[in-house]
>>> print(open('upload12.cif').read())   # mmCIF, C-alpha atoms and all ligand atoms
data_input
loop_
_atom_site.group_PDB
_atom_site.id
_atom_site.type_symbol
_atom_site.label_atom_id
_atom_site.label_comp_id
_atom_site.auth_asym_id
_atom_site.auth_seq_id
_atom_site.Cartn_x
_atom_site.Cartn_y
_atom_site.Cartn_z
ATOM 1 C CA MET A 1 196.841 -6.051 45.597
ATOM 2 C CA PHE A 2 199.375 -3.546 46.991
ATOM 3 C CA SER A 3 200.376 -4.935 50.389
ATOM 4 C CA HIS A 4 202.566 -1.886 51.112
ATOM 5 C CA LEU A 5 199.522 0.427 50.797
ATOM 6 C CA PRO A 6 196.398 0.899 52.932
ATOM 7 C CA SER A 7 193.194 -0.963 52.055
ATOM 8 C CA ARG A 8 191.720 2.254 50.601
ATOM 9 C CA CYS A 9 194.160 4.369 48.664
ATOM 10 C CA ASN A 10 194.384 7.279 46.218
ATOM 11 C CA ALA A 11 196.178 6.812 42.910
ATOM 12 C CA LEU A 12 197.457 9.263 40.294
ATOM 13 C CA VAL A 13 198.391 8.437 36.706
ATOM 14 C CA ILE A 14 200.397 11.121 34.932
ATOM 15 C CA GLY A 15 199.915 10.793 31.173
ATOM 16 C CA ALA A 16 196.429 9.314 31.637
ATOM 17 C CA SER A 17 195.468 10.027 28.001
ATOM 18 C CA GLY A 18 198.371 7.961 26.643
ATOM 19 C CA GLY A 19 198.576 4.344 25.545
ATOM 20 C CA ILE A 20 199.979 2.844 28.734
ATOM 21 C CA GLY A 21 198.556 5.582 31.008
ATOM 22 C CA ALA A 22 194.937 5.023 29.909
ATOM 23 C CA ALA A 23 195.323 1.253 30.266
ATOM 24 C CA LEU A 24 196.760 1.742 33.762
ATOM 25 C CA CYS A 25 193.695 3.829 34.646
ATOM 26 C CA ASP A 26 191.358 1.077 33.382
ATOM 27 C CA GLU A 27 193.156 -1.535 35.506
ATOM 28 C CA LEU A 28 193.203 0.694 38.587
ATOM 29 C CA GLN A 29 189.484 1.532 38.220
ATOM 30 C CA ALA A 30 188.751 -2.164 38.629
ATOM 31 C CA LEU A 31 190.622 -2.476 41.944
ATOM 32 C CA ALA A 32 188.624 -2.175 45.168
ATOM 33 C CA GLN A 33 191.765 -0.915 46.906
ATOM 34 C CA VAL A 34 191.749 2.254 44.808
ATOM 35 C CA GLU A 35 189.327 4.781 46.269
ATOM 36 C CA ARG A 36 190.089 7.878 44.181
ATOM 37 C CA LEU A 37 191.794 7.747 40.787
ATOM 38 C CA TYR A 38 193.273 10.942 39.414
ATOM 39 C CA GLY A 39 194.612 11.419 35.873
ATOM 40 C CA VAL A 40 196.578 14.248 34.263
ATOM 41 C CA SER A 41 197.688 15.031 30.720
ATOM 42 C CA ARG A 42 197.641 18.032 28.424
ATOM 43 C CA ARG A 43 194.445 16.732 26.801
ATOM 44 C CA GLY A 44 192.929 16.158 30.233
ATOM 45 C CA GLN A 45 191.076 13.106 28.929
ATOM 46 C CA GLY A 46 191.265 9.551 30.073
ATOM 47 C CA PRO A 47 189.508 6.867 32.052
ATOM 48 C CA ALA A 48 190.438 8.247 35.495
ATOM 49 C CA THR A 49 187.620 9.437 37.777
ATOM 50 C CA PHE A 50 189.065 12.911 38.197
ATOM 51 C CA ASN A 51 190.935 14.471 35.261
ATOM 52 C CA LEU A 52 193.117 17.538 34.977
ATOM 53 C CA ALA A 53 194.404 19.165 31.780
ATOM 54 C CA ALA A 54 197.868 20.567 32.472
ATOM 55 C CA ASP A 55 201.199 20.798 30.695
ATOM 56 C CA LEU A 56 203.523 19.243 33.245
ATOM 57 C CA ALA A 57 206.616 20.363 31.354
ATOM 58 C CA THR A 58 205.878 23.882 32.641
ATOM 59 C CA ASP A 59 206.132 25.426 36.105
ATOM 60 C CA GLU A 60 202.523 26.660 35.778
ATOM 61 C CA GLY A 61 201.236 23.190 34.914
ATOM 62 C CA ARG A 62 202.968 21.588 37.889
ATOM 63 C CA ALA A 63 201.733 24.358 40.208
ATOM 64 C CA GLU A 64 198.207 23.638 38.954
ATOM 65 C CA LEU A 65 198.727 19.935 39.689
ATOM 66 C CA ALA A 66 199.858 20.744 43.229
ATOM 67 C CA ARG A 67 196.817 23.011 43.802
ATOM 68 C CA TRP A 68 194.427 20.410 42.366
ATOM 69 C CA LEU A 69 195.664 17.709 44.757
ATOM 70 C CA ALA A 70 196.332 19.910 47.796
ATOM 71 C CA GLY A 71 195.562 18.096 51.044
ATOM 72 C CA GLN A 72 195.074 14.676 49.358
ATOM 73 C CA PRO A 73 197.363 11.823 50.370
ATOM 74 C CA LEU A 74 198.663 9.974 47.301
ATOM 75 C CA HIS A 75 199.569 6.327 47.809
ATOM 76 C CA LEU A 76 200.261 5.318 44.222
ATOM 77 C CA VAL A 77 201.799 7.623 41.603
ATOM 78 C CA ILE A 78 202.639 6.337 38.140
ATOM 79 C CA ASN A 79 204.316 8.779 35.794
ATOM 80 C CA THR A 80 204.122 7.841 32.097
ATOM 81 C CA LEU A 81 205.249 11.183 30.628
ATOM 82 C CA GLY A 82 207.218 10.543 27.479
ATOM 83 C CA LEU A 83 208.337 12.050 24.180
ATOM 84 C CA LEU A 84 210.016 10.059 21.394
ATOM 85 C CA HIS A 85 208.741 11.865 18.293
ATOM 86 C CA GLY A 86 206.559 14.835 17.398
ATOM 87 C CA ASP A 87 206.936 18.540 18.076
ATOM 88 C CA GLY A 88 209.801 18.643 15.529
ATOM 89 C CA ILE A 89 211.516 15.620 17.074
ATOM 90 C CA TRP A 90 212.395 12.314 15.429
ATOM 91 C CA PRO A 91 214.801 9.677 16.834
ATOM 92 C CA GLU A 92 218.236 10.376 15.348
ATOM 93 C CA LYS A 93 220.210 7.744 13.404
ATOM 94 C CA ARG A 94 223.418 9.754 12.952
ATOM 95 C CA ILE A 95 225.220 12.498 14.832
ATOM 96 C CA GLU A 96 224.405 14.877 11.946
ATOM 97 C CA ASP A 97 220.706 14.548 12.862
ATOM 98 C CA VAL A 98 221.212 15.719 16.451
ATOM 99 C CA SER A 99 220.208 19.258 17.476
ATOM 100 C CA ALA A 100 220.454 21.128 20.737
ATOM 101 C CA GLU A 101 216.744 21.908 20.487
ATOM 102 C CA ALA A 102 215.721 18.237 20.300
ATOM 103 C CA LEU A 103 218.132 17.272 23.078
ATOM 104 C CA LEU A 104 216.623 19.971 25.312
ATOM 105 C CA LYS A 105 212.969 19.216 24.481
ATOM 106 C CA SER A 106 213.450 15.521 25.039
ATOM 107 C CA ALA A 107 215.255 16.073 28.334
ATOM 108 C CA LEU A 108 212.551 18.458 29.519
ATOM 109 C CA VAL A 109 209.726 15.959 28.986
ATOM 110 C CA ASN A 110 211.464 12.625 29.605
ATOM 111 C CA ALA A 111 213.907 13.543 32.364
ATOM 112 C CA PHE A 112 213.276 16.828 34.133
ATOM 113 C CA SER A 113 209.467 16.845 34.239
ATOM 114 C CA PRO A 114 208.994 13.521 36.100
ATOM 115 C CA ALA A 115 211.421 14.676 38.821
ATOM 116 C CA LEU A 116 209.755 18.092 39.037
ATOM 117 C CA CYS A 117 206.314 16.444 39.215
ATOM 118 C CA LEU A 118 207.555 14.507 42.233
ATOM 119 C CA GLN A 119 208.691 17.799 43.755
ATOM 120 C CA ALA A 120 205.135 19.148 43.258
ATOM 121 C CA LEU A 121 203.652 15.989 44.786
ATOM 122 C CA TRP A 122 206.009 15.784 47.771
ATOM 123 C CA PRO A 123 203.332 17.092 50.227
ATOM 124 C CA ASN A 124 200.872 14.420 49.004
ATOM 125 C CA LEU A 125 203.447 11.660 49.505
ATOM 126 C CA THR A 126 204.262 13.066 52.945
ATOM 127 C CA LEU A 127 200.563 12.810 53.873
ATOM 128 C CA ALA A 128 200.388 9.223 52.607
ATOM 129 C CA LYS A 129 203.502 8.064 54.544
ATOM 130 C CA ASN A 130 203.443 4.700 52.684
ATOM 131 C CA ALA A 131 203.399 5.065 48.915
ATOM 132 C CA LEU A 132 204.606 3.521 45.660
ATOM 133 C CA VAL A 133 205.948 5.674 42.844
ATOM 134 C CA GLY A 134 206.580 4.187 39.392
ATOM 135 C CA HIS A 135 208.479 6.316 36.886
ATOM 136 C CA LEU A 136 208.291 4.928 33.365
ATOM 137 C CA SER A 137 211.708 5.050 31.762
ATOM 138 C CA ALA A 138 212.967 2.811 28.947
ATOM 139 C CA ARG A 139 215.594 0.124 28.548
ATOM 140 C CA VAL A 140 217.231 2.279 25.875
ATOM 141 C CA GLY A 141 218.130 4.688 28.700
ATOM 142 C CA SER A 142 220.484 2.044 30.103
ATOM 143 C CA ILE A 143 224.097 2.983 29.302
ATOM 144 C CA ALA A 144 225.294 -0.540 30.101
ATOM 145 C CA ASP A 145 222.730 -2.037 27.708
ATOM 146 C CA ASN A 146 223.420 0.326 24.774
ATOM 147 C CA ARG A 147 224.587 -1.909 21.949
ATOM 148 C CA LEU A 148 222.776 -0.405 18.948
ATOM 149 C CA GLY A 149 223.415 3.331 19.318
ATOM 150 C CA GLY A 150 221.137 5.909 17.684
ATOM 151 C CA TRP A 151 218.146 7.669 19.275
ATOM 152 C CA TYR A 152 220.539 10.170 20.894
ATOM 153 C CA SER A 153 217.995 12.547 22.461
ATOM 154 C CA TYR A 154 215.646 9.890 23.835
ATOM 155 C CA ARG A 155 218.472 7.661 25.140
ATOM 156 C CA ALA A 156 220.230 10.577 26.807
ATOM 157 C CA ALA A 157 217.000 11.915 28.306
ATOM 158 C CA LYS A 158 216.004 8.517 29.716
ATOM 159 C CA ALA A 159 219.525 8.024 31.123
ATOM 160 C CA ALA A 160 219.180 11.439 32.782
ATOM 161 C CA GLN A 161 215.755 10.454 34.095
ATOM 162 C CA ASN A 162 217.302 7.314 35.584
ATOM 163 C CA GLN A 163 219.944 9.353 37.403
ATOM 164 C CA LEU A 164 217.302 11.754 38.729
ATOM 165 C CA ASN A 165 215.158 8.798 39.862
ATOM 166 C CA ARG A 166 218.100 7.243 41.680
ATOM 167 C CA THR A 167 218.900 10.548 43.384
ATOM 168 C CA LEU A 168 215.262 11.060 44.356
ATOM 169 C CA ALA A 169 215.125 7.533 45.767
ATOM 170 C CA ILE A 170 218.095 8.261 48.032
ATOM 171 C CA GLU A 171 216.440 11.430 49.341
ATOM 172 C CA LEU A 172 213.124 9.612 49.818
ATOM 173 C CA GLY A 173 214.963 6.963 51.833
ATOM 174 C CA ARG A 174 216.166 9.701 54.218
ATOM 175 C CA ARG A 175 213.040 11.874 54.393
ATOM 176 C CA LEU A 176 210.067 9.623 53.499
ATOM 177 C CA PRO A 177 211.223 6.036 54.025
ATOM 178 C CA GLY A 178 207.742 4.602 53.438
ATOM 179 C CA VAL A 179 207.728 5.956 49.871
ATOM 180 C CA TRP A 180 209.347 3.542 47.429
ATOM 181 C CA LEU A 181 210.315 4.727 43.946
ATOM 182 C CA LEU A 182 210.846 2.254 41.128
ATOM 183 C CA THR A 183 212.177 3.096 37.683
ATOM 184 C CA LEU A 184 210.231 0.900 35.237
ATOM 185 C CA HIS A 185 210.639 -0.325 31.658
ATOM 186 C CA PRO A 186 207.221 -1.304 30.235
ATOM 187 C CA GLY A 187 208.533 -3.359 27.312
ATOM 188 C CA THR A 188 207.685 -2.536 23.702
ATOM 189 C CA THR A 189 204.026 -1.561 23.843
ATOM 190 C CA ILE A 190 201.699 -0.532 21.032
ATOM 191 C CA SER A 191 200.962 3.188 21.454
ATOM 192 C CA ASP A 192 201.228 6.518 19.622
ATOM 193 C CA LEU A 193 204.777 6.835 20.949
ATOM 194 C CA SER A 194 205.988 3.476 19.614
ATOM 195 C CA THR A 195 203.868 2.874 16.481
ATOM 196 C CA PRO A 196 206.288 4.331 13.879
ATOM 197 C CA PHE A 197 209.081 2.044 15.175
ATOM 198 C CA LEU A 198 207.264 -1.243 15.782
ATOM 199 C CA GLY A 199 208.523 -2.681 12.480
ATOM 200 C CA ASN A 200 211.798 -3.545 14.240
ATOM 201 C CA THR A 201 210.055 -5.657 16.894
ATOM 202 C CA PRO A 202 208.548 -9.108 16.217
ATOM 203 C CA LYS A 203 204.753 -9.116 16.728
ATOM 204 C CA ASP A 204 204.969 -11.565 19.655
ATOM 205 C CA LYS A 205 207.277 -9.107 21.489
ATOM 206 C CA GLN A 206 204.813 -6.192 21.178
ATOM 207 C CA PHE A 207 202.556 -5.788 24.201
ATOM 208 C CA SER A 208 199.045 -4.417 24.112
ATOM 209 C CA PRO A 209 198.703 -1.434 26.472
ATOM 210 C CA GLN A 210 196.422 -3.590 28.654
ATOM 211 C CA ARG A 211 199.060 -6.278 29.028
ATOM 212 C CA ALA A 212 201.784 -3.712 29.706
ATOM 213 C CA ALA A 213 199.620 -2.047 32.368
ATOM 214 C CA ARG A 214 198.858 -5.333 34.117
ATOM 215 C CA GLN A 215 202.540 -6.305 34.117
ATOM 216 C CA LEU A 216 203.671 -2.939 35.498
ATOM 217 C CA LEU A 217 201.058 -3.093 38.259
ATOM 218 C CA GLN A 218 202.258 -6.591 39.155
ATOM 219 C CA VAL A 219 205.827 -5.319 39.507
ATOM 220 C CA LEU A 220 204.634 -2.456 41.735
ATOM 221 C CA ALA A 221 202.359 -4.721 43.773
ATOM 222 C CA GLY A 222 205.208 -7.168 44.364
ATOM 223 C CA ALA A 223 207.683 -4.462 45.360
ATOM 224 C CA GLY A 224 209.456 -4.657 48.682
ATOM 225 C CA ALA A 225 211.891 -2.233 50.313
ATOM 226 C CA GLN A 226 214.689 -3.912 48.320
ATOM 227 C CA HIS A 227 213.119 -2.721 45.047
ATOM 228 C CA HIS A 228 213.194 0.941 46.088
ATOM 229 C CA GLY A 229 215.635 2.921 43.930
ATOM 230 C CA GLY A 230 216.096 0.178 41.327
ATOM 231 C CA PHE A 231 215.515 -0.072 37.566
ATOM 232 C CA TRP A 232 213.060 -2.873 36.788
ATOM 233 C CA ALA A 233 211.698 -4.396 33.588
ATOM 234 C CA TRP A 234 208.053 -5.369 32.996
ATOM 235 C CA ASP A 235 208.807 -8.944 34.129
ATOM 236 C CA GLY A 236 210.364 -7.843 37.425
ATOM 237 C CA GLN A 237 213.943 -8.431 36.233
ATOM 238 C CA PRO A 238 216.586 -5.814 37.120
ATOM 239 C CA ILE A 239 218.058 -3.682 34.301
ATOM 240 C CA PRO A 240 221.642 -2.436 34.609
ATOM 241 C CA TRP A 241 221.908 1.358 34.726
HETATM 242 N N1 LIG A 301 205.390 2.346 24.220
HETATM 243 C C1 LIG A 301 206.571 1.771 24.338
HETATM 244 O O1 LIG A 301 206.924 0.838 23.584
HETATM 245 C C2 LIG A 301 207.521 2.209 25.419
HETATM 246 C C3 LIG A 301 208.734 1.510 25.570
HETATM 247 C C4 LIG A 301 209.618 1.913 26.558
HETATM 248 C C5 LIG A 301 209.292 2.972 27.384
HETATM 249 N N2 LIG A 301 208.100 3.635 27.206
HETATM 250 C C6 LIG A 301 207.814 4.771 28.106
HETATM 251 O O2 LIG A 301 206.546 4.561 28.706
HETATM 252 C C7 LIG A 301 205.896 5.826 28.924
HETATM 253 C C8 LIG A 301 204.499 5.823 28.325
HETATM 254 O O3 LIG A 301 204.610 5.589 26.941
HETATM 255 P P1 LIG A 301 203.334 5.465 25.965
HETATM 256 O O4 LIG A 301 203.753 4.544 24.902
HETATM 257 O O5 LIG A 301 202.099 5.203 26.747
HETATM 258 O O6 LIG A 301 203.311 6.961 25.360
HETATM 259 P P2 LIG A 301 202.102 7.874 24.899
HETATM 260 O O7 LIG A 301 200.945 7.055 24.423
HETATM 261 O O8 LIG A 301 202.681 8.881 23.966
HETATM 262 O O9 LIG A 301 201.664 8.602 26.272
HETATM 263 C C9 LIG A 301 202.404 9.657 26.842
HETATM 264 C C10 LIG A 301 201.503 10.411 27.785
HETATM 265 O O10 LIG A 301 202.218 11.539 28.316
HETATM 266 C C11 LIG A 301 201.382 12.691 28.221
HETATM 267 N N3 LIG A 301 202.222 13.871 28.100
HETATM 268 C C12 LIG A 301 203.261 14.075 27.235
HETATM 269 N N4 LIG A 301 203.793 15.288 27.419
HETATM 270 C C13 LIG A 301 203.081 15.860 28.434
HETATM 271 C C14 LIG A 301 203.146 17.107 29.101
HETATM 272 N N5 LIG A 301 204.052 18.022 28.750
HETATM 273 N N6 LIG A 301 202.284 17.370 30.110
HETATM 274 C C15 LIG A 301 201.346 16.450 30.464
HETATM 275 N N7 LIG A 301 201.230 15.254 29.873
HETATM 276 C C16 LIG A 301 202.080 14.971 28.862
HETATM 277 C C17 LIG A 301 200.540 12.447 26.960
HETATM 278 O O11 LIG A 301 199.306 13.124 26.988
HETATM 279 P P3 LIG A 301 198.981 14.506 26.229
HETATM 280 O O12 LIG A 301 199.559 14.393 24.856
HETATM 281 O O13 LIG A 301 197.491 14.593 26.306
HETATM 282 O O14 LIG A 301 199.647 15.526 27.075
HETATM 283 C C18 LIG A 301 200.244 10.961 27.124
HETATM 284 O O15 LIG A 301 199.147 10.812 28.008
HETATM 285 C C19 LIG A 301 206.846 6.888 28.341
HETATM 286 O O16 LIG A 301 207.655 7.395 29.377
HETATM 287 C C20 LIG A 301 207.697 6.098 27.367
HETATM 288 O O17 LIG A 301 208.958 6.709 27.168
HETATM 289 C C21 LIG A 301 207.216 3.279 26.254
#
>>> encode(input="upload12.cif", output="structure tokens", more="lines below")
Ligand SMILES: NC(=O)c1ccc[n+]([C@@H]2O[C@H](COP(=O)([O-])OP(=O)(O)OC[C@H]3O[C@@H](n4cnc5c(N)ncnc54)[C@H](OP(=O)(O)O)[C@@H]3O)[C@@H](O)[C@H]2O)c1
Amino acid sequence: MFSHLPSRCNALVIGASGGIGAALCDELQALAQVERLYGVSRRGQGPATFNLAADLATDEGRAELARWLAGQPLHLVINTLGLLHGDGIWPEKRIEDVSAEALLKSALVNAFSPALCLQALWPNLTLAKNALVGHLSARVGSIADNRLGGWYSYRAAKAAQNQLNRTLAIELGRRLPGVWLLTLHPGTTISDLSTPFLGNTPKDKQFSPQRAARQLLQVLAGAGAQHHGGFWAWDGQPIPW
């Protein structure tokens, strides 16, 4: 399926207990190309073969991840970490709703942690030489595409994630040119993260996690060097930053 990767490869799903993450694990389990499937989340549960419970928004959690995978090449890494509501956070409608605490929490999970996870996994990508990394962002993180406003913390955090992804992609191009990083928008997908807000989306525009996972894997499988460093929707179309 992944022509850029070897015939037997190791895959890691970060956020393997989540809606899209668990569905990605199910799809990857069914692929002969995937030899070892690792999953991480705070709950440490999910359909991966090997599961780790770690809070990847902390230095300790990421150090544990690095120790757990030490010496293993990773050919496919999909990071689905995300926070839209919960933990005292709710998407803001007006500037009066915005707090420094929510801005910081959202940025920590949505923006900083995916980049810092990649830092922790750098040795595994170095061992793999050829690898695909998919970082799940969101279309609402696009500044060019922002027509509705609102959702200050989540939008800002995803925009920051996009900038970090772009910067990481440039460094990968210099240091690990066989590792391609794609920033991905899964489309509106039924999950714990999206459920309270699905009322705004027509039913035929809501993906099941299984469909979203299959579509994201198709985008990754079809990626060429020209996709490295770009922001791509579930249907393979580019999204303006
Ligand atoms: N669903 C949508 O409509 C939609 C649309 C656009 C973009 N996205 C993006 O797609 C990604 C996946 O979304 P989803 O709908 O599948 O969300 P989800 O069901 O809430 O899954 C998020 C996953 O991240 C894990 N996680 C969160 N904080 C963590 C932490 N500190 N350490 C380790 N794991 C952590 C959660 O597991 P634990 O709670 O067990 O830690 C869970 O496995 C997110 O980046 C989201 O922003 C989703």
>>> closest_residue(input="upload12.cif", among="A:Thr49, A:Gln119, A:Ser3, A:Asn79", to="Gln218 of chain A", atoms="all atoms listed in the file")
A:Ser3
>>> resolve_selection(input="upload12.cif", expression="the PyMOL selection byres (((chain A and resi 169) around 9) and not hetatm)", output="VMD selection string")
chain A and resid 164 to 168 170 to 174 179 to 182 228 to 230
>>> closest_atom_pairs(input="upload12.cif", of="chain A", to="ligand LIG 301 (chain A)", cutoff="8 Å", atoms="all atoms listed in the file", output="CSV")
residue,atom,partner,partner_atom,distance
A:Ile14,CA,A:LIG301,N7,6.6
A:Gly15,CA,A:LIG301,O15,3.3
A:Ala16,CA,A:LIG301,O15,4.8
A:Ser17,CA,A:LIG301,O15,3.8
A:Gly18,CA,A:LIG301,O15,3.3
A:Gly19,CA,A:LIG301,O7,3.8
A:Ile20,CA,A:LIG301,O5,3.7
A:Gly21,CA,A:LIG301,O5,5.6
A:Ala22,CA,A:LIG301,O15,7.4
A:Val40,CA,A:LIG301,N7,6.5
A:Ser41,CA,A:LIG301,N7,3.6
A:Arg42,CA,A:LIG301,O14,3.5
A:Arg43,CA,A:LIG301,O13,3.8
A:Gly44,CA,A:LIG301,O13,6.2
A:Gln45,CA,A:LIG301,O13,7.1
A:Ala53,CA,A:LIG301,C15,7.6
A:Ala54,CA,A:LIG301,C15,5.8
A:Asp55,CA,A:LIG301,N6,3.6
A:Leu56,CA,A:LIG301,N6,3.9
A:Ala57,CA,A:LIG301,N5,4.3
A:Thr58,CA,A:LIG301,N5,7.3
A:Gly61,CA,A:LIG301,N6,7.6
A:Asn79,CA,A:LIG301,O16,7.4
A:Thr80,CA,A:LIG301,C7,4.2
A:Leu81,CA,A:LIG301,O10,3.8
A:Gly82,CA,A:LIG301,O16,3.7
A:Leu83,CA,A:LIG301,O17,6.2
A:Leu84,CA,A:LIG301,O17,6.8
A:Val109,CA,A:LIG301,N5,6.0
A:Asn110,CA,A:LIG301,O16,6.5
A:Ser113,CA,A:LIG301,N5,7.8
A:His135,CA,A:LIG301,O16,7.6
A:Leu136,CA,A:LIG301,O16,4.7
A:Ser137,CA,A:LIG301,O16,5.3
A:Ala138,CA,A:LIG301,C5,4.0
A:Arg139,CA,A:LIG301,C4,6.5
A:Val140,CA,A:LIG301,C4,7.7
A:Lys158,CA,A:LIG301,O17,7.7
A:His185,CA,A:LIG301,C5,5.6
A:Pro186,CA,A:LIG301,C4,5.4
A:Gly187,CA,A:LIG301,C3,5.2
A:Thr188,CA,A:LIG301,O1,3.5
A:Thr189,CA,A:LIG301,O1,3.8
A:Ile190,CA,A:LIG301,N1,5.7
A:Ser191,CA,A:LIG301,O4,4.6
A:Asp192,CA,A:LIG301,O7,4.8
A:Leu193,CA,A:LIG301,O8,4.2
A:Ser194,CA,A:LIG301,N1,4.8
A:Thr195,CA,A:LIG301,N1,7.9
A:Gln206,CA,A:LIG301,O1,7.7
A:Phe207,CA,A:LIG301,O1,8.0
A:Pro209,CA,A:LIG301,O5,7.5
>>> residues_around(input="upload12.cif", residues="segment 27-38 of chain A", least_positions_apart="2", cutoff="9 Å", atoms="all atoms listed in the file", output="ChimeraX atom specification")
/A:1-2,5-14,16,22-25,40,47-52,69,210,213-214,217
>>> atom_distance(input="upload12.cif", atom1="atom CA of Trp90 of chain A", atom2="atom CA of Pro196 of chain A")
10.2 Å
>>> resolve_selection(input="upload12.cif", expression="the PyMOL selection byres (((chain A and resi 67) around 12) and not hetatm)", output="list in words")
Leu52, Ala54, Glu60, Gly61, Arg62, Ala63, Glu64, Leu65, Ala66, Trp68, Leu69, Ala70, Gly71, Gln72, Ala120, Leu121, Pro123 and Asn124 of chain A
>>> atom_distance(input="upload12.cif", atom1="atom CA of Gln161 of chain A", atom2="atom CA of Gly199 of chain A")
26.3 Å
>>> residues_around(input="upload12.cif", residues="Ala111 of chain A", least_positions_apart="4", cutoff="8 Å", atoms="all atoms listed in the file", output="list in words")
Ser106, Ala107, Ala115, Ala157, Lys158, Ala159, Ala160, Gln161, Asn162 and Leu164 of chain A
>>> resolve_selection(input="upload12.cif", expression="the PyMOL selection byres (((chain A and resi 147-154) around 7) and not hetatm)", output="PDB file with C-alpha atoms, in the coordinates of the input")
ATOM      1  CA  LEU A  84     210.016  10.059  21.394  1.00  0.00           C
ATOM      2  CA  PRO A  91     214.801   9.677  16.834  1.00  0.00           C
ATOM      3  CA  GLU A  92     218.236  10.376  15.348  1.00  0.00           C
ATOM      4  CA  LYS A  93     220.210   7.744  13.404  1.00  0.00           C
ATOM      5  CA  ARG A  94     223.418   9.754  12.952  1.00  0.00           C
ATOM      6  CA  ALA A 102     215.721  18.237  20.300  1.00  0.00           C
ATOM      7  CA  LEU A 103     218.132  17.272  23.078  1.00  0.00           C
ATOM      8  CA  SER A 106     213.450  15.521  25.039  1.00  0.00           C
ATOM      9  CA  ASP A 145     222.730  -2.037  27.708  1.00  0.00           C
ATOM     10  CA  ASN A 146     223.420   0.326  24.774  1.00  0.00           C
ATOM     11  CA  ARG A 155     218.472   7.661  25.140  1.00  0.00           C
ATOM     12  CA  ALA A 156     220.230  10.577  26.807  1.00  0.00           C
ATOM     13  CA  ALA A 157     217.000  11.915  28.306  1.00  0.00           C
ATOM     14  CA  LYS A 158     216.004   8.517  29.716  1.00  0.00           C
TER      15      LYS A 158
END
>>> atom_distance(input="upload12.cif", atom1="atom CA of Ala212 of chain A", atom2="atom CA of Val77 of chain A")
16.4 Å
>>> closest_residue(input="upload12.cif", among="A:Ala223, A:Leu216, A:Ile239, A:Ala128", to="Ser142 of chain A", atoms="all atoms listed in the file")
A:Ile239
>>> closest_residue(input="upload12.cif", among="A:Ser208, A:Val133, A:Val219, A:Leu125", to="Gln237 of chain A", atoms="only C-alpha atoms")
A:Val219
